[in-house]
file entry12.cif (mmCIF, C-alpha atoms)
data_protein
#
loop_
_atom_site.group_PDB
_atom_site.id
_atom_site.type_symbol
_atom_site.label_atom_id
_atom_site.label_comp_id
_atom_site.auth_asym_id
_atom_site.auth_seq_id
_atom_site.Cartn_x
_atom_site.Cartn_y
_atom_site.Cartn_z
ATOM 1 C CA MET A 1 72.169 99.610 120.825
ATOM 2 C CA ASN A 2 70.940 103.182 121.050
ATOM 3 C CA SER A 3 67.983 104.701 119.236
ATOM 4 C CA THR A 4 69.886 106.285 116.363
ATOM 5 C CA THR A 5 72.949 104.220 115.492
ATOM 6 C CA LEU A 6 73.129 100.618 114.372
ATOM 7 C CA ASN A 7 75.880 98.225 115.302
ATOM 8 C CA GLN A 8 77.888 96.540 112.575
ATOM 9 C CA PRO A 9 76.187 93.395 111.254
ATOM 10 C CA ASN A 10 77.370 90.251 112.990
ATOM 11 C CA PRO A 11 79.210 87.490 111.093
ATOM 12 C CA GLN A 12 76.036 85.409 110.968
ATOM 13 C CA SER A 13 74.244 88.242 109.183
ATOM 14 C CA GLN A 14 77.065 88.456 106.656
ATOM 15 C CA GLN A 15 76.731 84.722 106.072
ATOM 16 C CA GLU A 16 72.973 85.039 105.597
ATOM 17 C CA ILE A 17 73.463 87.896 103.127
ATOM 18 C CA GLU A 18 75.862 85.764 101.115
ATOM 19 C CA GLN A 19 73.439 82.837 101.178
ATOM 20 C CA GLU A 20 70.629 85.114 100.010
ATOM 21 C CA ARG A 21 72.882 86.417 97.228
ATOM 22 C CA GLN A 22 73.592 82.860 96.127
ATOM 23 C CA LYS A 23 69.878 82.077 96.250
ATOM 24 C CA ALA A 24 69.156 85.121 94.084
ATOM 25 C CA THR A 25 71.864 84.030 91.645
ATOM 26 C CA ASN A 26 70.488 80.487 91.371
ATOM 27 C CA GLU A 27 66.930 81.725 90.871
ATOM 28 C CA ALA A 28 68.015 84.233 88.231
ATOM 29 C CA GLN A 29 70.133 81.740 86.306
ATOM 30 C CA SER A 30 67.383 79.127 86.303
ATOM 31 C CA SER A 31 64.919 81.656 84.873
ATOM 32 C CA LEU A 32 66.977 82.372 81.746
ATOM 33 C CA ASP A 33 65.512 80.960 78.537
ATOM 34 C CA GLN A 34 67.929 79.565 75.959
ATOM 35 C CA ASP A 35 65.522 80.028 73.031
ATOM 36 C CA ALA A 36 65.141 83.719 73.864
ATOM 37 C CA ILE A 37 68.915 84.075 74.179
ATOM 38 C CA ALA A 38 69.328 82.362 70.790
ATOM 39 C CA ALA A 39 66.741 84.670 69.186
ATOM 40 C CA ILE A 40 68.704 87.721 70.297
ATOM 41 C CA GLU A 41 71.981 86.211 69.132
ATOM 42 C CA GLU A 42 70.472 85.483 65.720
ATOM 43 C CA THR A 43 69.280 89.087 65.551
ATOM 44 C CA ARG A 44 72.857 90.209 66.065
ATOM 45 C CA ASN A 45 73.979 87.722 63.403
ATOM 46 C CA ALA A 46 71.438 89.195 60.992
ATOM 47 C CA ILE A 47 72.755 92.715 61.587
ATOM 48 C CA ASN A 48 76.369 91.565 61.212
ATOM 49 C CA ALA A 49 75.496 89.875 57.924
ATOM 50 C CA LEU A 50 74.002 93.130 56.619
ATOM 51 C CA ASP A 51 77.147 94.976 57.666
ATOM 52 C CA GLN A 52 79.023 92.541 55.417
ATOM 53 C CA GLU A 53 76.471 93.138 52.649
ATOM 54 C CA ASN A 54 75.290 89.536 52.838
ATOM 55 C CA THR A 55 71.524 89.865 52.674
ATOM 56 C CA GLN A 56 70.881 86.139 52.245
ATOM 57 C CA ASP A 57 72.733 85.230 55.441
ATOM 58 C CA SER A 58 70.827 87.980 57.225
ATOM 59 C CA ILE A 59 67.507 86.569 56.071
ATOM 60 C CA GLN A 60 68.505 83.079 57.220
ATOM 61 C CA ALA A 61 69.519 84.409 60.628
ATOM 62 C CA LEU A 62 66.152 86.147 60.934
ATOM 63 C CA GLU A 63 64.379 82.934 59.982
ATOM 64 C CA ARG A 64 66.212 81.118 62.769
ATOM 65 C CA ALA A 65 65.362 83.920 65.194
ATOM 66 C CA THR A 66 61.699 83.791 64.183
ATOM 67 C CA GLY A 67 61.664 80.032 64.681
ATOM 68 C CA LYS A 68 62.948 80.446 68.241
ATOM 69 C CA LEU A 69 60.381 83.156 68.892
ATOM 70 C CA ASP A 70 57.544 80.966 67.606
ATOM 71 C CA ILE A 71 58.624 78.316 70.133
ATOM 72 C CA LEU A 72 58.548 80.925 72.897
ATOM 73 C CA LEU A 73 55.094 82.169 71.910
ATOM 74 C CA ALA A 74 53.769 78.617 71.909
ATOM 75 C CA ARG A 75 55.407 77.811 75.244
ATOM 76 C CA TYR A 76 54.467 81.049 77.020
ATOM 77 C CA PRO A 77 51.217 82.332 75.475
ATOM 78 C CA GLU A 78 50.486 84.527 78.507
ATOM 79 C CA LEU A 79 54.042 85.617 79.362
ATOM 80 C CA ALA A 80 55.049 89.172 78.465
ATOM 81 C CA LEU A 81 58.744 89.071 79.344
ATOM 82 C CA VAL A 82 61.299 86.286 78.921
ATOM 83 C CA PRO A 83 64.606 86.611 80.841
ATOM 84 C CA VAL A 84 67.775 86.510 78.753
ATOM 85 C CA SER A 85 70.509 87.813 81.075
ATOM 86 C CA THR A 86 70.878 88.770 84.707
ATOM 87 C CA GLN A 87 73.221 90.486 87.142
ATOM 88 C CA ILE A 88 73.289 90.163 90.935
ATOM 89 C CA THR A 89 74.793 93.026 92.937
ATOM 90 C CA ILE A 90 75.102 93.708 96.656
ATOM 91 C CA ILE A 91 74.668 97.450 97.229
ATOM 92 C CA ASP A 92 74.949 98.560 100.844
ATOM 93 C CA LEU A 93 75.499 102.323 100.929
ATOM 94 C CA ALA A 94 72.857 103.410 103.440
ATOM 95 C CA PRO A 95 74.074 105.121 106.627
ATOM 96 C CA ARG A 96 73.766 103.224 109.887
ATOM 97 C CA ASP A 97 72.822 106.377 111.769
ATOM 98 C CA PHE A 98 69.085 107.030 111.632
ATOM 99 C CA ASP A 99 69.755 110.748 112.108
ATOM 100 C CA LEU A 100 71.511 110.823 108.720
ATOM 101 C CA ILE A 101 68.741 109.127 106.761
ATOM 102 C CA GLU A 102 65.993 111.740 107.060
ATOM 103 C CA PRO A 103 68.112 114.657 105.722
ATOM 104 C CA ILE A 104 69.056 112.589 102.667
ATOM 105 C CA ARG A 105 65.399 111.709 102.095
ATOM 106 C CA ASP A 106 64.394 115.368 102.406
ATOM 107 C CA GLU A 107 67.086 116.515 99.969
ATOM 108 C CA ALA A 108 66.064 113.813 97.490
ATOM 109 C CA LYS A 109 62.410 114.870 97.685
ATOM 110 C CA ARG A 110 63.390 118.495 97.166
ATOM 111 C CA ALA A 111 65.501 117.619 94.133
ATOM 112 C CA VAL A 112 62.685 115.594 92.555
ATOM 113 C CA ASN A 113 60.144 118.354 93.226
ATOM 114 C CA GLU A 114 62.484 120.776 91.472
ATOM 115 C CA GLU A 115 62.856 118.253 88.618
ATOM 116 C CA ASP A 116 66.566 117.963 89.334
ATOM 117 C CA PHE A 117 66.436 114.233 88.662
ATOM 118 C CA PRO A 118 70.211 113.573 88.411
ATOM 119 C CA THR A 119 70.706 114.969 91.915
ATOM 120 C CA GLY A 120 67.652 113.071 93.163
ATOM 121 C CA ARG A 121 68.984 109.795 91.775
ATOM 122 C CA ALA A 122 72.415 110.380 93.326
ATOM 123 C CA LEU A 123 70.889 111.094 96.728
ATOM 124 C CA LEU A 124 68.578 108.073 96.600
ATOM 125 C CA HIS A 125 71.551 105.888 95.724
ATOM 126 C CA ASN A 126 72.865 106.681 99.214
ATOM 127 C CA LEU A 127 69.761 105.085 100.732
ATOM 128 C CA VAL A 128 70.260 101.687 99.112
ATOM 129 C CA SER A 129 70.879 98.557 101.163
ATOM 130 C CA GLU A 130 69.880 95.536 99.125
ATOM 131 C CA ILE A 131 70.771 92.519 97.059
ATOM 132 C CA ARG A 132 69.682 93.671 93.611
ATOM 133 C CA THR A 133 68.800 91.369 90.749
ATOM 134 C CA SER A 134 68.730 93.157 87.391
ATOM 135 C CA THR A 135 67.286 91.077 84.569
ATOM 136 C CA VAL A 136 67.171 91.866 80.858
ATOM 137 C CA ASN A 137 64.023 90.475 79.238
ATOM 138 C CA LEU A 138 62.863 89.869 75.714
ATOM 139 C CA PRO A 139 59.364 91.391 75.285
ATOM 140 C CA LEU A 140 57.172 88.806 73.577
ATOM 141 C CA GLU A 141 54.550 91.433 72.784
ATOM 142 C CA THR A 142 56.799 93.363 70.379
ATOM 143 C CA TYR A 143 60.011 91.476 69.572
ATOM 144 C CA PRO A 144 58.569 88.732 67.314
ATOM 145 C CA ASP A 145 56.673 91.278 65.217
ATOM 146 C CA ALA A 146 59.833 93.335 64.843
ATOM 147 C CA MET A 147 61.718 90.329 63.477
ATOM 148 C CA LYS A 148 58.957 89.585 60.996
ATOM 149 C CA GLU A 149 58.920 93.215 59.887
ATOM 150 C CA ALA A 150 62.705 93.163 59.448
ATOM 151 C CA ALA A 151 62.451 89.997 57.318
ATOM 152 C CA ARG A 152 59.730 91.593 55.173
ATOM 153 C CA LEU A 153 61.880 94.655 54.577
ATOM 154 C CA LEU A 154 64.883 92.508 53.647
ATOM 155 C CA HIS A 155 62.850 90.582 51.093
ATOM 156 C CA GLN A 156 61.945 93.951 49.575
ATOM 157 C CA GLY A 157 65.589 94.973 49.445
ATOM 158 C CA ARG A 158 65.151 97.712 52.062
ATOM 159 C CA THR A 159 68.229 96.737 54.041
ATOM 160 C CA ASP A 160 68.771 100.017 55.880
ATOM 161 C CA GLU A 161 65.197 99.994 57.156
ATOM 162 C CA ALA A 162 65.507 96.341 58.184
ATOM 163 C CA ARG A 163 68.724 97.064 60.080
ATOM 164 C CA ALA A 164 67.051 99.969 61.889
ATOM 165 C CA VAL A 165 64.125 97.764 62.947
ATOM 166 C CA MET A 166 66.457 95.108 64.363
ATOM 167 C CA GLN A 167 68.646 97.638 66.161
ATOM 168 C CA LEU A 168 65.579 99.235 67.697
ATOM 169 C CA ALA A 169 64.338 95.835 68.882
ATOM 170 C CA LEU A 170 67.697 95.108 70.528
ATOM 171 C CA SER A 171 67.782 98.517 72.216
ATOM 172 C CA THR A 172 64.355 98.156 73.804
ATOM 173 C CA LEU A 173 64.779 94.950 75.763
ATOM 174 C CA VAL A 174 63.024 95.418 79.091
ATOM 175 C CA VAL A 175 64.921 95.575 82.392
ATOM 176 C CA THR A 176 63.225 94.355 85.563
ATOM 177 C CA GLU A 177 64.706 94.607 89.034
ATOM 178 C CA GLN A 178 64.255 92.773 92.298
ATOM 179 C CA ALA A 179 65.561 94.200 95.569
ATOM 180 C CA ARG A 180 66.057 92.019 98.617
ATOM 181 C CA PRO A 181 66.453 94.525 101.486
ATOM 182 C CA ILE A 182 69.548 93.772 103.558
ATOM 183 C CA PRO A 183 68.043 95.188 106.785
ATOM 184 C CA LEU A 184 65.215 92.655 106.526
ATOM 185 C CA ILE A 185 67.759 89.861 105.973
ATOM 186 C CA ASN A 186 69.567 91.059 109.089
ATOM 187 C CA ALA A 187 66.287 91.198 111.014
ATOM 188 C CA LEU A 188 65.466 87.621 110.026
ATOM 189 C CA THR A 189 68.944 86.564 111.111
ATOM 190 C CA GLU A 190 68.541 88.201 114.523
ATOM 191 C CA LEU A 191 65.111 86.627 114.898
ATOM 192 C CA ALA A 192 66.444 83.167 114.032
ATOM 193 C CA ALA A 193 69.238 83.593 116.569
ATOM 194 C CA ALA A 194 66.718 84.603 119.244
ATOM 195 C CA ILE A 195 64.574 81.574 118.478
ATOM 196 C CA ALA A 196 67.595 79.262 118.694
ATOM 197 C CA LEU A 197 68.652 80.747 122.015
ATOM 198 C CA ALA A 198 65.256 80.942 123.700
ATOM 199 C CA PRO A 199 64.514 77.924 125.928
ATOM 200 C CA GLN A 200 61.623 75.703 124.965
ATOM 201 C CA GLY A 201 58.968 73.921 127.008
ATOM 202 C CA GLN A 202 59.675 73.452 130.730
ATOM 203 C CA ASP A 203 63.083 75.094 130.371
ATOM 204 C CA GLN A 204 61.371 78.447 129.975
ATOM 205 C CA GLN A 205 60.933 78.855 133.729
ATOM 206 C CA ASN A 206 64.568 77.947 134.367
ATOM 207 C CA GLN A 207 65.997 80.414 131.877
ATOM 208 C CA ASP A 208 68.659 82.539 133.591
ATOM 209 C CA GLN A 209 68.673 86.328 133.412
ATOM 210 C CA GLN A 210 71.768 86.492 131.204
ATOM 211 C CA ASN A 211 70.142 84.235 128.620
ATOM 212 C CA ARG A 212 66.931 86.266 128.667
ATOM 213 C CA ASP A 213 68.891 89.486 128.241
ATOM 214 C CA GLN A 214 70.678 88.067 125.218
ATOM 215 C CA VAL A 215 67.409 86.993 123.593
ATOM 216 C CA LEU A 216 65.945 90.437 124.311
ATOM 217 C CA ARG A 217 68.961 92.123 122.704
ATOM 218 C CA LEU A 218 68.544 90.025 119.587
ATOM 219 C CA LEU A 219 64.864 90.924 119.391
ATOM 220 C CA GLU A 220 65.669 94.604 119.873
ATOM 221 C CA ASP A 221 68.211 94.358 117.058
ATOM 222 C CA ALA A 222 65.569 92.738 114.844
ATOM 223 C CA ARG A 223 63.145 95.595 115.556
ATOM 224 C CA THR A 224 65.873 98.150 114.771
ATOM 225 C CA GLN A 225 66.679 96.475 111.457
ATOM 226 C CA LEU A 226 62.976 96.392 110.678
ATOM 227 C CA LYS A 227 62.797 100.137 111.334
ATOM 228 C CA LEU A 228 65.847 100.701 109.132
ATOM 229 C CA ALA A 229 64.218 98.910 106.193
ATOM 230 C CA ARG A 230 61.158 101.105 106.589
ATOM 231 C CA GLU A 231 63.190 104.328 106.881
ATOM 232 C CA LEU A 232 65.077 103.419 103.695
ATOM 233 C CA GLY A 233 61.775 103.231 101.844
ATOM 234 C CA TYR A 234 61.371 99.502 101.292
ATOM 235 C CA ALA A 235 57.556 99.317 101.168
ATOM 236 C CA ARG A 236 57.618 102.181 103.662
ATOM 237 C CA ARG A 237 53.840 102.558 103.900
ATOM 238 C CA ASP A 238 53.140 98.860 104.385
ATOM 239 C CA PRO A 239 51.086 98.475 107.592
ATOM 240 C CA GLU A 240 52.754 95.158 108.345
ATOM 241 C CA TYR A 241 55.822 96.980 109.652
ATOM 242 C CA LYS A 242 53.805 98.056 112.684
ATOM 243 C CA GLU A 243 52.277 94.599 113.045
ATOM 244 C CA LEU A 244 55.693 92.917 113.058
ATOM 245 C CA ASP A 245 57.104 95.441 115.523
ATOM 246 C CA ARG A 246 54.122 94.859 117.795
ATOM 247 C CA ALA A 247 54.553 91.076 117.555
ATOM 248 C CA ILE A 248 58.226 91.338 118.523
ATOM 249 C CA ARG A 249 57.365 93.583 121.478
ATOM 250 C CA ASP A 250 54.768 91.049 122.608
ATOM 251 C CA ILE A 251 57.388 88.308 122.596
ATOM 252 C CA GLU A 252 59.788 90.551 124.501
ATOM 253 C CA ARG A 253 57.098 90.948 127.172
ATOM 254 C CA GLN A 254 56.550 87.193 127.255
ATOM 255 C CA ILE A 255 60.306 86.589 127.618
ATOM 256 C CA ARG A 256 60.464 88.957 130.592
ATOM 257 C CA ALA A 257 57.425 87.229 132.143
ATOM 258 C CA LYS A 258 59.023 83.806 131.547
ATOM 259 C CA GLU A 259 56.030 82.711 129.477
ATOM 260 C CA LYS A 260 56.146 80.100 126.748
ATOM 261 C CA THR A 261 57.146 81.575 123.383
ATOM 262 C CA GLU A 262 57.355 78.612 120.988
ATOM 263 C CA SER A 263 54.081 79.362 119.220
ATOM 264 C CA PRO A 264 54.484 83.181 119.063
ATOM 265 C CA PHE A 265 58.031 82.763 117.720
ATOM 266 C CA ALA A 266 56.878 80.305 115.034
ATOM 267 C CA LYS A 267 54.051 82.587 113.913
ATOM 268 C CA LEU A 268 56.329 85.620 113.867
ATOM 269 C CA ARG A 269 59.010 83.886 111.810
ATOM 270 C CA GLU A 270 56.439 82.714 109.261
ATOM 271 C CA LYS A 271 54.894 86.182 109.070
ATOM 272 C CA PHE A 272 58.305 87.828 108.763
ATOM 273 C CA SER A 273 59.420 85.489 105.969
ATOM 274 C CA SER A 274 56.200 86.119 104.058
ATOM 275 C CA PHE A 275 56.670 89.871 104.457
ATOM 276 C CA PHE A 276 60.270 89.656 103.224
ATOM 277 C CA ASN A 277 59.214 87.738 100.119
ATOM 278 C CA ARG A 278 56.468 90.264 99.384
ATOM 279 C CA VAL A 279 58.711 93.288 99.821
ATOM 280 C CA SER A 280 61.329 91.597 97.607
ATOM 281 C CA ARG A 281 58.967 91.118 94.681
ATOM 282 C CA VAL A 282 60.133 91.884 91.131
ATOM 283 C CA ASN A 283 59.612 95.443 89.936
ATOM 284 C CA ARG A 284 58.085 95.247 86.466
ATOM 285 C CA PRO A 285 57.989 98.534 84.535
ATOM 286 C CA SER A 286 54.654 99.540 83.056
ATOM 287 C CA HIS A 287 54.245 99.605 79.270
ATOM 288 C CA GLU A 288 54.476 103.392 79.322
ATOM 289 C CA SER A 289 57.641 103.498 81.419
ATOM 290 C CA GLN A 290 59.590 100.455 80.282
ATOM 291 C CA GLN A 291 63.289 100.568 80.990
ATOM 292 C CA THR A 292 65.541 99.654 78.099
ATOM 293 C CA ALA A 293 68.809 97.846 77.802
ATOM 294 C CA ASN A 294 71.333 97.855 75.028
ATOM 295 C CA ALA A 295 71.970 94.290 74.031
#

call {"tool": "encode", "arguments": {"input": "entry12.cif", "output": "structure tokens"}}
result
Amino acid sequence: MNSTTLNQPNPQSQQEIEQERQKATNEAQSSLDQDAIAAIEETRNAINALDQENTQDSIQALERATGKLDILLARYPELALVPVSTQITIIDLAPRDFDLIEPIRDEAKRAVNEEDFPTGRALLHNLVSEIRTSTVNLPLETYPDAMKEAARLLHQGRTDEARAVMQLALSTLVVTEQARPIPLINALTELAAAIALAPQGQDQQNQDQQNRDQVLRLLEDARTQLKLARELGYARRDPEYKELDRAIRDIERQIRAKEKTESPFAKLREKFSSFFNRVSRVNRPSHESQQTANA
């Protein structure tokens, strides 16, 4: 592997990516709350009833929605967002040539500085390599109050105002995103393969040159994938990138010197996994910059 161009991911990496996608799917599905989903569905029912000029059915639907929301508030007194739907997508558009990444970054920065945000977004889309989990959430801070306000307006016969309140509530569900960087998944895969191939214990001294070279290639690939994740902007300024690269280089030196590597490998894998989980944390919009989703 040269310094600027990455090889195609190996079949094992593709398998790991698929396993990580399935893991993301399972985690996302298990986080969905049926009471929150029901509250949103009853909000839609209330609006549909108003469209049919059936105010009483609308009020009953709102009462059911409010009942579900009261359960949520009692169950999650400290929780701001409750997941109601999710989508898992693999997006791998980033170039494999390092020499192509920097120009795209520079153009994106220039576009943002010139407030040409559509161009900036399009350029940044070309630097994406991740398993993305997009989750629509019901905001417990505002949604229950909106339903109560809509019910109050209906009781006063102000149906148009009540409909507007419910439609606004449905249009301001909060979207959170989680990105699992594919280069880091690939790096972990290469690291695991190196660990599996490296001799243990007394066999370390008897390791042949071909075997050592293969382990060294896997470690080099892991370092390259680590660099790719950083160049694509996944926690780019995190100092742990340098620490992980240094740890891999140390193991490469130990492999060449035929030293024991069980303990360094174990520590590195644990550190790498922790770093991956931290970089893959959920992005929660601030109150001032909440994303919205049309329900």

call {"tool": "residues_near_point", "arguments": {"input": "entry12.cif", "point": "(62.2, 91.7, 129.4)", "cutoff": "10 Å", "atoms": "all atoms listed in the file", "output": "VMD selection string"}}
result
chain A and resid 209 212 to 213 215 to 217 249 251 to 258

call {"tool": "closest_residue", "arguments": {"input": "entry12.cif", "among": "A:Ala61, A:Ala108, A:Ala198, A:Ile182", "to": "Gln14 of chain A", "atoms": "only C-alpha atoms"}}
result
A:Ile182

call {"tool": "atom_distance", "arguments": {"input": "entry12.cif", "atom1": "atom CA of Arg180 of chain A", "atom2": "atom CA of Tyr234 of chain A"}}
result
9.2 Å

call {"tool": "axis_aligned_box", "arguments": {"input": "entry12.cif", "around": "segment 261-276 of chain A", "padding_each_side": "6 Å", "output": "AutoDock Vina command-line options"}}
result
--center_x 57.2 --center_y 84.2 --center_z 113.3 --size_x 18.2 --size_y 23.3 --size_z 32.2

call {"tool": "resolve_selection", "arguments": {"input": "entry12.cif", "expression": "the PyMOL selection byres ((chain A and resi 20) around 12)", "output": "PDB file with C-alpha atoms, in the frame of the given file"}}
result
ATOM      1  CA  SER A  13      74.244  88.242 109.183  1.00  0.00           C
ATOM      2  CA  GLN A  14      77.065  88.456 106.656  1.00  0.00           C
ATOM      3  CA  GLN A  15      76.731  84.722 106.072  1.00  0.00           C
ATOM      4  CA  GLU A  16      72.973  85.039 105.597  1.00  0.00           C
ATOM      5  CA  ILE A  17      73.463  87.896 103.127  1.00  0.00           C
ATOM      6  CA  GLU A  18      75.862  85.764 101.115  1.00  0.00           C
ATOM      7  CA  GLN A  19      73.439  82.837 101.178  1.00  0.00           C
ATOM      8  CA  ARG A  21      72.882  86.417  97.228  1.00  0.00           C
ATOM      9  CA  GLN A  22      73.592  82.860  96.127  1.00  0.00           C
ATOM     10  CA  LYS A  23      69.878  82.077  96.250  1.00  0.00           C
ATOM     11  CA  ALA A  24      69.156  85.121  94.084  1.00  0.00           C
ATOM     12  CA  THR A  25      71.864  84.030  91.645  1.00  0.00           C
ATOM     13  CA  ASN A  26      70.488  80.487  91.371  1.00  0.00           C
ATOM     14  CA  GLU A  27      66.930  81.725  90.871  1.00  0.00           C
ATOM     15  CA  ILE A  88      73.289  90.163  90.935  1.00  0.00           C
ATOM     16  CA  THR A  89      74.793  93.026  92.937  1.00  0.00           C
ATOM     17  CA  ILE A  90      75.102  93.708  96.656  1.00  0.00           C
ATOM     18  CA  GLU A 130      69.880  95.536  99.125  1.00  0.00           C
ATOM     19  CA  ILE A 131      70.771  92.519  97.059  1.00  0.00           C
ATOM     20  CA  ARG A 132      69.682  93.671  93.611  1.00  0.00           C
ATOM     21  CA  THR A 133      68.800  91.369  90.749  1.00  0.00           C
ATOM     22  CA  ALA A 179      65.561  94.200  95.569  1.00  0.00           C
ATOM     23  CA  ARG A 180      66.057  92.019  98.617  1.00  0.00           C
ATOM     24  CA  PRO A 181      66.453  94.525 101.486  1.00  0.00           C
ATOM     25  CA  ILE A 182      69.548  93.772 103.558  1.00  0.00           C
ATOM     26  CA  LEU A 184      65.215  92.655 106.526  1.00  0.00           C
ATOM     27  CA  ILE A 185      67.759  89.861 105.973  1.00  0.00           C
ATOM     28  CA  ASN A 186      69.567  91.059 109.089  1.00  0.00           C
ATOM     29  CA  LEU A 188      65.466  87.621 110.026  1.00  0.00           C
ATOM     30  CA  THR A 189      68.944  86.564 111.111  1.00  0.00           C
ATOM     31  CA  PHE A 276      60.270  89.656 103.224  1.00  0.00           C
ATOM     32  CA  ASN A 277      59.214  87.738 100.119  1.00  0.00           C
ATOM     33  CA  SER A 280      61.329  91.597  97.607  1.00  0.00           C
TER      34      SER A 280
END

call {"tool": "closest_residue", "arguments": {"input": "entry12.cif", "among": "A:Leu218, A:Leu140, A:Ala146, A:Leu79", "to": "Glu161 of chain A", "atoms": "only C-alpha atoms"}}
result
A:Ala146

call {"tool": "closest_residue", "arguments": {"input": "entry12.cif", "among": "A:Pro83, A:Pro77, A:Gly67, A:Pro144", "to": "Glu177 of chain A", "atoms": "only C-alpha atoms"}}
result
A:Pro83

call {"tool": "atom_distance", "arguments": {"input": "entry12.cif", "atom1": "atom CA of Ala222 of chain A", "atom2": "atom CA of Arg269 of chain A"}}
result
11.4 Å

call {"tool": "residues_around", "arguments": {"input": "entry12.cif", "residues": "Ser85 of chain A", "least_positions_apart": "2", "cutoff": "7 Å", "atoms": "only C-alpha atoms", "output": "list in words"}}
result
Leu32, Pro83, Thr135 and Val136 of chain A

call {"tool": "resolve_selection", "arguments": {"input": "entry12.cif", "expression": "the PyMOL selection byres ((chain A and resi 164) around 12)", "output": "MDAnalysis selection string"}}
result
chainID A and resid 43 46:47 50 146:147 149:151 153:154 158:163 165:171

call {"tool": "residues_around", "arguments": {"input": "entry12.cif", "residues": "Glu42 of chain A", "least_positions_apart": "6", "cutoff": "8 Å", "atoms": "only C-alpha atoms", "output": "PDB file with C-alpha atoms, in the frame of the given file"}}
result
ATOM      1  CA  ALA A  61      69.519  84.409  60.628  1.00  0.00           C
ATOM      2  CA  LEU A  62      66.152  86.147  60.934  1.00  0.00           C
ATOM      3  CA  ARG A  64      66.212  81.118  62.769  1.00  0.00           C
ATOM      4  CA  ALA A  65      65.362  83.920  65.194  1.00  0.00           C
TER       5      ALA A  65
END

call {"tool": "atom_distance", "arguments": {"input": "entry12.cif", "atom1": "atom CA of Ile101 of chain A", "atom2": "atom CA of Thr119 of chain A"}}
result
16.1 Å

call {"tool": "closest_residue", "arguments": {"input": "entry12.cif", "among": "A:Glu243, A:Asp33, A:Asp208, A:Asp250", "to": "Glu220 of chain A", "atoms": "only C-alpha atoms"}}
result
A:Asp250

call {"tool": "closest_residue", "arguments": {"input": "entry12.cif", "among": "A:Leu69, A:Ile40, A:Ala196, A:Ala111", "to": "Asp145 of chain A", "atoms": "only C-alpha atoms"}}
result
A:Leu69
